Structures are given as structure tokens and as C-alpha cells.
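Visitor: If you scroll down you'll find the structure; I have some questions about it.
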Amino acid sequence: MRTYVIADDLTGAAEIAGVAHRLGCRVRLTTTVEPLRQEDEVVVLATDTRSMHREEALRFTHEVVTAMARLGVRPDRLFKKTDSVLRGHVRGELEALQPLGYRQALLLPANPSKGRVIRRRIYTIGGTPLSRTLFRHDPEFPATTSDVVRLVGGGAPYITTRTRRKTLTEGITLGEVGSMEDLQWFVTRFDAPEVVMAGSADLFQCLLEHHGKRAIARTPFAGLGNRRTLIVLGSTARHNLLEEPFFQRNCVARCPMPDEVFAGGSTEAWIAEAHRLTAEADSLLLRIPQQISHDEGHALRLRHQMAETVLALVCEGRFEEIVIEGGATAFTILHGLQWSELTIADEIAPGVVRLCHAASGTHLSFKPGSYPWGKCFC
């Protein structure tokens, strides 16, 4: 069974690739629409539409599905990866899949393995309603409500595992998920070629397991060792990485974004400082220490400034590893490098995935801002 996944951001795409890798699938991650190859089991397409304005995102999604139809890309299963807490243009992008012939979508965004569940329409993380978590302060998609029907919009039908329905109505249906068993229940009853399954990495895992995939033994990731590494913190999440063994063992220079760059100035002096530090240290850490505003244009400019600095450093070929936190930042960097296809090397932790760009031999590790690093820096 061949599965094609469309993900609205790069770290979500990498997370899905990690799940497929864990379950023994041959998986390919790409940022461009490509024909399916005979050896493909899972192809994950990252579109970065979450970082676009709504109209641009829906237009681009339509272009993607039109290109898929023109190339004859008709997998046995299409899966739409959405953000687990419903950031992005979720409803519009699902509706944009209709040119591929899909009229029904089952949306299950909950990630119960990470304490992210939906009960009685209310989304909670570790027992806390979504609108009371840090996601309320997301600079682009603040969670002003915990009601998933209101988050998705349009009055989508909401069903639970107690429903007797065996088929879905046309359009988007939301499901109540409080456990992995709930996800398995939905997959068992509603998985069908004419239905787009949409939602979380936990849902994708259940879908693959439903089709006979099982976790296989792989050599655990042994850490970055003393490899020259560029670490890019592009999200608003904050972690005390300096206590990790990698930072204790290696000389890692810190190069925070200067205030003048944060205010909109040129990156030239910041790049020059990063070059100087790179010559003196084993590895380099770039981050944004300032508080990012809720202004969407400001977040977009910061991503491009960070990407501009990273590209200037990577082009010198000094780094063996690039570790990036934040999906939109990662996509902007990948686009600038013109690296459109990656193969998976390791799943460091759920959601934290290490990939390889074959032409350069460089490894890239991606992590969503709200996920823990696992053993990345051990």
C-alpha cells in the first residue's frame, strides 16, 4: 500500500516520516510534487502553507493537488497531516483536496501519546484547556478557544466512539479522541479509499498499523558526538540546552540575533560575527532571544533574516550537522539551500527526526517548537 502525505509544515512532515521509518516503511520527504516511484511506500510532501496567508495557502494547496492530478499521482491512501493543535488553515486546505476526488474527510488532530486529547469538544494538553496553554500566545495562530469545532470553523459535525454511524457525510467530520484506542476505533470503522484521513502523527501511526505495519528494531541514535553542528532556534519555545552533554563536551559559540537585526536592520554585521565565531568554535548556536510579537509580518521577517544568516554559513561547508527548531524556519532555510528531497536517517525521538541531503552529505535534524529534544544532544 502506497501512502502520499501532504503536510503544512516541515517539522510535521519530518514527524510523519519518522513514524513511517519506525514502522519499517521506505519513506521519502520532499518539498516538490514528484511522481510516485515503484519503491515508494510513503512519500511526505511539505508545503509550508501554515506560514502563508490564508488566500495564498489555499491557492498553493490547489496548485499542489492540480499538479498531483496532472502527474497521475493517485496513491492507495492520501493522508493530510495537520498541526495537532489545529494551527494553520486546516479547513480550507482539506476542502482544497476535492480536485483529487475526495469528498469526505475525517479530522482527528489529537495526539494522546503526548497528552493532547479532545473530550466533549474541548482540547486539553496534560489536562489544561488549549486556550490556557502557551499556544494562546502563538504569534500567528493564537488559540483563543479550546472548542475544536470553533477552531476548525464552519460547524463541522462532531462524532465520538459511541456513534453508530458507519459512513461519513460529505465534508469534514471531527472526532473525539481521548486515547490511542479511540484513534484505532476511528481508523477501523472509517478507513476507506474515498475518505481523507487528516490529523496527527498518532493517527498516522494507527493507520499504518491498521494496514499491517509494525515497529522494527533499529540502531538507536547515538548523539551528535563532536560533529561540527549549526544549531538554529527559530521558534518561540525556550529550552535550557546549555545543560545538555553536547554543550558541556564541545565548544559551542552562542550568536544571538542583535537588537538592530530584530528591529529590521541588515543582517550583514550578524553574519560577520557568526563567521568569526565559527572559526573559533566547534559548533554554533543561533537564536532569537527577544520576545516575538503577535504580528504575522514580524514573524515572517525574522524567519527570513534567520535563514539569510544560516545560508551564509552553510554555503561555506563547515558544518556536518544542522539542527533546526521550528517548522517555518526550517522550510525557509531548506528552500534557500534548494534542497528539495531528503531521506530519513534516524528518528531521534517522536517528532524529532534526522534526515540526510544526499548530494551534500549534510545531515539535518528538525524539531517542532513545542516538543522535547529527546536524546538529540546526549
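Every chain in the C-alpha cells takes a letter, A first, then B, and so on in the order presented; its residues are numbered from 1, and the ligands are numbered from 1 following the presented order.
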For Gly361 of chain A, list every protein, DNA or RNA residue within 12 Å, evaluated using only C-alpha atoms, and leave out those in the same chain fewer than 5 positions away; present the list as a short mmCIF file (atom, residue, chain, number, x, y, z; two decimals) with N, CA and C atoms, in the first residue's frame.
Guide:
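Saved file part_15.cif follows:
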data_model
loop_
_atom_site.label_atom_id
_atom_site.label_comp_id
_atom_site.auth_asym_id
_atom_site.auth_seq_id
_atom_site.Cartn_x
_atom_site.Cartn_y
_atom_site.Cartn_z
N GLY A 317 30.33 25.24 3.87
CA GLY A 317 30.55 23.81 4.01
C GLY A 317 31.28 23.40 5.27
N ARG A 318 31.25 24.22 6.31
CA ARG A 318 31.98 23.89 7.54
C ARG A 318 31.20 22.96 8.46
N PHE A 319 29.88 22.89 8.30
CA PHE A 319 29.06 22.15 9.25
C PHE A 319 28.67 20.78 8.69
N GLU A 320 28.79 19.77 9.53
CA GLU A 320 28.38 18.42 9.18
C GLU A 320 26.91 18.18 9.52
N GLU A 321 26.45 18.90 10.54
CA GLU A 321 25.08 18.74 11.03
C GLU A 321 24.41 20.11 11.15
N ILE A 322 23.12 20.15 10.82
CA ILE A 322 22.31 21.34 11.06
C ILE A 322 21.10 20.89 11.87
N TRP A 339 17.39 22.49 -1.40
CA TRP A 339 17.42 21.06 -1.10
C TRP A 339 15.97 20.59 -1.02
N LEU A 342 14.93 14.75 0.75
CA LEU A 342 15.73 14.22 1.85
C LEU A 342 15.33 12.79 2.15
N THR A 343 16.28 12.01 2.63
CA THR A 343 15.98 10.66 3.10
C THR A 343 16.19 10.62 4.60
N ALA A 345 17.38 9.35 8.19
CA ALA A 345 18.50 8.61 8.78
C ALA A 345 18.14 8.06 10.16
N LEU A 355 17.56 13.78 9.05
CA LEU A 355 17.50 13.41 7.65
C LEU A 355 18.83 13.71 6.97
N CYS A 356 18.98 13.21 5.76
CA CYS A 356 20.23 13.40 5.03
C CYS A 356 19.95 13.96 3.65
#
Visitor: As a ChimeraX atom specification, which residues of segment 44-292 of chain A does DSSP assign to strand (DSSP E)?
Guide: /A:44-46,77-81,104-108,116-119,122-125,128-129,158-159,171-175,195-199,229-233,252-256,283-287
Visitor: Can you pull out the residues contacting Arg301 of chain A? Cut-off 12 Å, using only C-alpha atoms, and skip same-chain residues under 4 positions away; I want them as a count of residues only.
Guide: 21
Visitor: Contacts of segment 111-113 of chain A at 8 Å or less, counting only C-alpha atoms, minus same-chain residues fewer than 2 places along, as a compact mmCIF listing (two decimals) with all heavy atoms, in the first residue's frame?
Guide:
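In the end it all went to around-v3.txt:
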# COMPACT_ATOMS: atom_id res chain seq x y z
N SER A 84 -1.24 19.33 15.38
CA SER A 84 -2.03 18.62 16.39
C SER A 84 -2.91 19.56 17.20
O SER A 84 -3.91 19.12 17.78
CB SER A 84 -1.12 17.81 17.32
OG SER A 84 -0.25 18.66 18.04
N PRO A 109 -7.17 15.47 15.11
CA PRO A 109 -5.90 16.14 15.39
C PRO A 109 -5.23 15.74 16.70
O PRO A 109 -4.05 16.04 16.92
CB PRO A 109 -6.29 17.62 15.43
CG PRO A 109 -7.70 17.61 15.91
CD PRO A 109 -8.31 16.37 15.31
N GLY A 115 -0.32 13.49 25.55
CA GLY A 115 -1.26 14.13 26.47
C GLY A 115 -2.16 15.14 25.81
O GLY A 115 -2.79 15.95 26.50
N ARG A 116 -2.28 15.10 24.48
CA ARG A 116 -3.12 16.06 23.75
C ARG A 116 -4.39 15.34 23.32
O ARG A 116 -4.38 14.53 22.39
CB ARG A 116 -2.36 16.61 22.53
CG ARG A 116 -1.07 17.31 22.93
CD ARG A 116 -0.32 17.88 21.74
NE ARG A 116 0.87 18.60 22.18
CZ ARG A 116 1.55 19.46 21.44
NH1 ARG A 116 1.17 19.72 20.19
NH2 ARG A 116 2.62 20.08 21.92
N VAL A 117 -5.49 15.62 24.00
CA VAL A 117 -6.73 14.87 23.79
C VAL A 117 -7.92 15.82 23.63
O VAL A 117 -7.84 17.01 23.98
CB VAL A 117 -7.00 13.89 24.96
CG1 VAL A 117 -5.86 12.89 25.10
CG2 VAL A 117 -7.21 14.64 26.27
N VAL A 177 -11.25 12.18 20.62
CA VAL A 177 -10.16 11.24 20.86
C VAL A 177 -9.55 11.49 22.23
O VAL A 177 -8.98 12.56 22.48
CB VAL A 177 -9.07 11.35 19.78
CG1 VAL A 177 -7.87 10.48 20.13
CG2 VAL A 177 -9.63 10.96 18.41
N GLY A 178 -9.66 10.50 23.12
CA GLY A 178 -9.05 10.60 24.44
C GLY A 178 -7.95 9.59 24.66
O GLY A 178 -7.29 9.61 25.70
N SER A 179 -7.73 8.69 23.66
CA SER A 179 -6.73 7.64 23.83
C SER A 179 -6.34 7.10 22.46
O SER A 179 -7.01 7.35 21.45
CB SER A 179 -7.31 6.50 24.68
OG SER A 179 -8.38 5.88 23.98
N MET A 180 -5.25 6.31 22.44
CA MET A 180 -4.85 5.64 21.20
C MET A 180 -5.94 4.65 20.77
O MET A 180 -6.16 4.45 19.57
CB MET A 180 -3.53 4.91 21.40
CG MET A 180 -2.33 5.83 21.62
SD MET A 180 -1.93 6.88 20.19
CE MET A 180 -1.21 5.66 19.07
N SER A 200 -3.11 13.97 13.24
CA SER A 200 -1.85 13.92 13.98
C SER A 200 -0.97 12.75 13.57
O SER A 200 -1.37 11.83 12.84
CB SER A 200 -2.16 13.79 15.47
OG SER A 200 -2.77 12.53 15.73
N ALA A 201 0.26 12.77 14.11
CA ALA A 201 1.19 11.66 13.91
C ALA A 201 0.68 10.38 14.56
O ALA A 201 0.88 9.28 14.03
CB ALA A 201 2.56 12.03 14.48
N ASP A 202 0.00 10.49 15.69
CA ASP A 202 -0.58 9.30 16.33
C ASP A 202 -1.61 8.64 15.42
O ASP A 202 -1.69 7.41 15.33
CB ASP A 202 -1.24 9.67 17.66
CG ASP A 202 -0.24 9.79 18.81
OD1 ASP A 202 0.95 9.53 18.59
OD2 ASP A 202 -0.67 10.16 19.93
N LEU A 203 -2.41 9.46 14.74
CA LEU A 203 -3.40 8.92 13.80
C LEU A 203 -2.69 8.20 12.66
O LEU A 203 -3.10 7.11 12.25
CB LEU A 203 -4.27 10.05 13.25
CG LEU A 203 -5.21 9.66 12.10
CD1 LEU A 203 -6.20 8.58 12.53
CD2 LEU A 203 -5.94 10.89 11.57
Visitor: Find the residues near Val314 of chain A: any atom within 12 Å, counting only C-alpha atoms, skip ones fewer than 4 places away on the same chain, and give them as an mmCIF file with N, CA and C atoms, in the first residue's frame.
Guide:
data_model
loop_
_atom_site.group_PDB
_atom_site.id
_atom_site.type_symbol
_atom_site.label_atom_id
_atom_site.label_comp_id
_atom_site.auth_asym_id
_atom_site.auth_seq_id
_atom_site.Cartn_x
_atom_site.Cartn_y
_atom_site.Cartn_z
ATOM 1 N N ARG A 228 30.755 18.880 13.874
ATOM 2 C CA ARG A 228 30.550 20.329 13.788
ATOM 3 C C ARG A 228 29.085 20.605 13.440
ATOM 4 N N THR A 229 28.422 21.320 14.332
ATOM 5 C CA THR A 229 26.967 21.443 14.254
ATOM 6 C C THR A 229 26.526 22.900 14.300
ATOM 7 N N LEU A 230 25.586 23.242 13.435
ATOM 8 C CA LEU A 230 24.930 24.542 13.469
ATOM 9 C C LEU A 230 23.543 24.335 14.062
ATOM 10 N N ILE A 231 23.283 24.985 15.185
ATOM 11 C CA ILE A 231 22.011 24.832 15.896
ATOM 12 C C ILE A 231 21.213 26.114 15.723
ATOM 13 N N VAL A 232 19.991 25.990 15.222
ATOM 14 C CA VAL A 232 19.157 27.146 14.900
ATOM 15 C C VAL A 232 17.857 27.045 15.679
ATOM 16 N N ILE A 271 26.006 38.282 10.418
ATOM 17 C CA ILE A 271 26.662 37.232 9.641
ATOM 18 C C ILE A 271 28.167 37.281 9.845
ATOM 19 N N ALA A 274 28.942 35.814 13.185
ATOM 20 C CA ALA A 274 28.773 34.358 13.142
ATOM 21 C C ALA A 274 29.964 33.697 12.449
ATOM 22 N N HIS A 275 30.461 34.301 11.373
ATOM 23 C CA HIS A 275 31.646 33.772 10.690
ATOM 24 C C HIS A 275 32.852 33.767 11.628
ATOM 25 N N THR A 278 32.448 31.032 14.225
ATOM 26 C CA THR A 278 32.569 29.707 13.617
ATOM 27 C C THR A 278 34.036 29.308 13.466
ATOM 28 N N LEU A 284 28.067 26.139 16.522
ATOM 29 C CA LEU A 284 27.497 27.484 16.662
ATOM 30 C C LEU A 284 26.004 27.381 16.950
ATOM 31 N N ALA A 307 17.121 32.747 8.144
ATOM 32 C CA ALA A 307 17.503 31.914 7.009
ATOM 33 C C ALA A 307 18.657 32.531 6.231
ATOM 34 N N GLU A 308 18.642 33.833 6.050
ATOM 35 C CA GLU A 308 19.720 34.526 5.338
ATOM 36 C C GLU A 308 21.059 34.303 6.035
ATOM 37 N N THR A 309 21.045 34.358 7.352
ATOM 38 C CA THR A 309 22.271 34.146 8.129
ATOM 39 C C THR A 309 22.739 32.697 8.042
ATOM 40 N N VAL A 310 21.796 31.760 8.152
ATOM 41 C CA VAL A 310 22.146 30.341 8.071
ATOM 42 C C VAL A 310 22.740 30.007 6.704
ATOM 43 N N ARG A 318 31.248 24.224 6.313
ATOM 44 C CA ARG A 318 31.976 23.892 7.542
ATOM 45 C C ARG A 318 31.205 22.959 8.463
ATOM 46 N N PHE A 319 29.880 22.890 8.298
ATOM 47 C CA PHE A 319 29.061 22.149 9.248
ATOM 48 C C PHE A 319 28.669 20.783 8.692
ATOM 49 N N GLU A 320 28.793 19.770 9.530
ATOM 50 C CA GLU A 320 28.378 18.418 9.176
ATOM 51 C C GLU A 320 26.912 18.183 9.525
ATOM 52 N N GLU A 321 26.448 18.901 10.540
ATOM 53 C CA GLU A 321 25.082 18.739 11.029
ATOM 54 C C GLU A 321 24.415 20.105 11.150
ATOM 55 N N ILE A 322 23.125 20.153 10.819
ATOM 56 C CA ILE A 322 22.308 21.340 11.062
ATOM 57 C C ILE A 322 21.104 20.887 11.870
ATOM 58 N N VAL A 323 20.877 21.517 12.997
ATOM 59 C CA VAL A 323 19.748 21.178 13.861
ATOM 60 C C VAL A 323 18.850 22.413 13.946
ATOM 61 N N ILE A 333 14.855 27.838 5.348
ATOM 62 C CA ILE A 333 16.276 27.503 5.179
ATOM 63 C C ILE A 333 16.441 26.459 4.076
ATOM 64 N N LEU A 334 15.609 25.419 4.102
ATOM 65 C CA LEU A 334 15.701 24.363 3.096
ATOM 66 C C LEU A 334 15.440 24.918 1.692
ATOM 67 N N GLY A 336 15.947 27.987 0.704
ATOM 68 C CA GLY A 336 17.093 28.795 0.316
ATOM 69 C C GLY A 336 18.275 27.959 -0.153
ATOM 70 N N LEU A 337 18.444 26.784 0.463
ATOM 71 C CA LEU A 337 19.526 25.880 0.070
ATOM 72 C C LEU A 337 19.206 25.115 -1.216
ATOM 73 N N SER A 360 24.985 16.669 -0.726
ATOM 74 C CA SER A 360 25.995 17.356 0.087
ATOM 75 C C SER A 360 26.529 16.484 1.221
ATOM 76 N N THR A 362 25.202 16.383 4.043
ATOM 77 C CA THR A 362 24.861 17.070 5.291
ATOM 78 C C THR A 362 23.628 16.447 5.924
ATOM 79 N N HIS A 363 23.672 16.315 7.251
ATOM 80 C CA HIS A 363 22.508 15.826 7.990
ATOM 81 C C HIS A 363 21.757 17.006 8.602
ATOM 82 N N LEU A 364 20.446 16.924 8.570
ATOM 83 C CA LEU A 364 19.588 17.953 9.143
ATOM 84 C C LEU A 364 18.623 17.303 10.116
#
Visitor: Any chance you could list, as a PyMOL selection string, the residues in segment 140-364 of chain A that come up alpha helix (DSSP H) when DSSP is run on the backbone?
Guide: chain A and resi 148-152+180-190+201-210+245-249+259-262+268-280+296-314+327-337
Visitor: Tell me which of A:Glu243, A:Asp76, A:Ile122, A:Gly101 sits closest to Ala192 of chain A, counting only C-alpha atoms.
Guide: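 So, comparing all the options, the nearest one is A:Asp76.
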Visitor: What gap, in Å, lies between atom CA of Arg189 of chain A and atom CA of Phe204 of chain A?
Guide: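 These two atoms are separated by 15.0 Å.
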Visitor: Give me the residues within 10 Å of Pro372 of chain A as JSON, numbers by chain, counting only C-alpha atoms and dropping any in the same chain fewer than 3 places off.
Guide: {"A": [239, 349, 350, 351, 352, 367, 368, 369, 375, 376]}
Visitor: Between atom CA of Glu244 of chain A and atom CA of Arg218 of chain A, what is the distance, to one decimal in Å?
Guide: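 Atom CA of Arg218 of chain A lies at a distance of 24.0 Å from atom CA of Glu244 of chain A.
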Visitor: Do you know which residues are at most 7 Å from Leu107 of chain A counting only C-alpha atoms, after dropping those on the same chain fewer than 4 positions away, and could you put them as a PyMOL selection string?
Guide: chain A and resi 172-175+197-199
Visitor: Nearest residue to Ala96 of chain A out of A:Arg162, A:Ile6, A:Leu23, A:Tyr123, using only C-alpha atoms?
Guide: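 Answer, going by the shortest atom-to-atom distance: A:Ile6.
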Visitor: Would you mind telling me which residue in A:His211, A:Lys81, A:Arg150, A:Arg249 lies nearest to Asp282 of chain A when using only C-alpha atoms?
Guide: A:Arg249
